[in-house]
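The structure under discussion appears below in the form of structure tokens.
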Amino acid sequence: MSDSHRQATAVNIVVRIRPLGVAWYRLLFFAARHVAWVTAAMGRQQFIHHCHWMLLPKRVLWFESNYDGDVVRYMDTFARIMPWRMRAAWTPTVGFPDMFPPAGFHQWTIDNAYETTSYWSAYPDATTRHVGRALRVLDAAERLPSPDADITPEEFATAWRRFVADTQLDL
């Protein structure tokens with residue numbers, strides 16, 4: 001089960017791993033740390049706050065993530081945009097039904113999700129998109145001329161109009 005905290009949702013999925021799965025996960029985690037394209041597609045997903053995979057004793061895999069939205073839509077998005085990565089991540093687990101048709105995958109996700117008992121968020125009322133937009137506006141604002149800059153009012157007005165034009169989609 002996933003748990004929402006204002007804008008963000010947390011999920012913990014704990015599953016048993018098939019006998020040869022531990023070796024596969026060690027190889028996969030090594031590649032994820034050392035080969036950028038393995039995790040690049042996930043990094044481009046703006047709705048993810050955090051995700052983490054961990055091998056536990058007795059062939060158990062723990063996956064945790066914080067994201068915007070609900071767990072079924074979260075997993076469904078990954079099934080659609082990076083199916084081979086999802087298969088690489090979940091096929092070594094016991095009972096994984098594949099992602100298509102999605103109904104079995106959705107049920108498997110729900111059946112293996114555990115309640116989040118502790119949750120903290122630096123910006124509980126903001127999504128990752130909100131924070132990203134705010135950071136882009138801040139970066140652009142820092143490039144505006146400072147109040148003590150030796151420029152004319154017309155030059156500042158030009159800089160201000162450029163700032164508003166450049167950041168209007170983020171405001």
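Quick note on naming: the chains in the structure tokens go A, B, ... in the order shown, residues restart at 1 in each chain, and ligands are numbered from 1 in order of appearance.
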Practice problem: Name the residues in contact with region 87-99 of chain A at a cut-off of 6 Å, using only C-alpha atoms, excluding same-chain residues fewer than 5 positions from it; report them as JSON, numbers by chain. | Solution: {"A": [16, 17, 18, 21, 105]}
Can you spit out the residues from that selection as an mmCIF file, in the first residue's frame, using N, CA and C atoms?
```
data_model
loop_
_atom_site.group_PDB
_atom_site.id
_atom_site.type_symbol
_atom_site.label_atom_id
_atom_site.label_comp_id
_atom_site.auth_asym_id
_atom_site.auth_seq_id
_atom_site.Cartn_x
_atom_site.Cartn_y
_atom_site.Cartn_z
ATOM 1 N N ARG A 16 10.266 -11.387 -2.504
ATOM 2 C CA ARG A 16 11.271 -12.447 -2.480
ATOM 3 C C ARG A 16 11.948 -12.503 -3.845
ATOM 4 N N ILE A 17 13.221 -12.903 -3.834
ATOM 5 C CA ILE A 17 14.008 -12.991 -5.062
ATOM 6 C C ILE A 17 14.221 -14.463 -5.420
ATOM 7 N N ARG A 18 14.140 -14.781 -6.700
ATOM 8 C CA ARG A 18 14.403 -16.148 -7.169
ATOM 9 C C ARG A 18 15.870 -16.519 -6.888
ATOM 10 N N GLY A 21 18.570 -14.625 -8.634
ATOM 11 C CA GLY A 21 18.277 -13.195 -8.691
ATOM 12 C C GLY A 21 19.248 -12.310 -7.939
ATOM 13 N N PHE A 105 -0.042 -6.802 -13.262
ATOM 14 C CA PHE A 105 1.080 -6.026 -12.729
ATOM 15 C C PHE A 105 0.607 -5.074 -11.637
#
```
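DSSP secondary structure from the backbone places Val11, Asn12, Ile13, Val14, Val15, Arg16, Ile48, His49, His50, Cys51, His52, Trp53, Met54, Leu55, Leu56, Val60, Leu61, Trp62, Phe63, Glu64, Ser65, Asn66, Tyr67, Asp68, Ala113 and Tyr114 of chain A of region 11-128 of chain A in strand (DSSP E).
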Exercise. Step one, run DSSP on the backbone; step two, keep only residues of region 4-158 of chain A assigned to alpha helix (DSSP H); then write them as a ChimeraX atom specification.
Key: /A:21-34,36-43,71-81,83-90,102-112,128-142,153-158
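Rounded to one decimal, CA of Phe29 (chain A) and CA of Arg129 (chain A) lie 27.2 Å from each other.
Considering the residues A:Ala165, A:Ile81, A:Leu61, A:Leu27 and counting only C-alpha atoms, Gln45 (chain A) has its shortest atom-to-atom contact with A:Ile81.
Distances to Met75 (chain A) were evaluated for A:Ile110, A:Val38, A:Val22, A:Ala126 using only C-alpha atoms, and the minimum falls at A:Ile110.
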Quiz item: Expressed in Å to a single decimal, how great is the separation between CA of Thr9 (chain A) and CA of Tyr67 (chain A)?
Solution: 5.3 Å
Exercise. One decimal, Å: what's the distance from CA of Trp37 (chain A) over to CA of Cys51 (chain A), could you say?
Key: 16.7 Å
Self-check item: Selected residue of minimal separation from Asp139 (chain A) among A:Phe163, A:Asn112, A:Asp125, A:Ala31, counting only C-alpha atoms
Solution: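 Checking each candidate against Asp139 (chain A), we get A:Phe163 as the closest.
Among the candidates A:Arg80, A:Ala140, A:His50, A:Asp148, the one nearest to Asp166 (chain A) when counting only C-alpha atoms is A:Ala140.
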Quiz item: What lies within 12 Å of Ala159 (chain A) using only C-alpha atoms, ignoring chain neighbours under 6 positions off, as a ChimeraX atom specification?
Solution: /A:140-146,151-153,165-166
Quiz item: For Pro57 (chain A), which of A:Val71, A:Arg136, A:Val14, A:Trp84 is the closest residue, counting only C-alpha atoms?
Solution: A:Val14
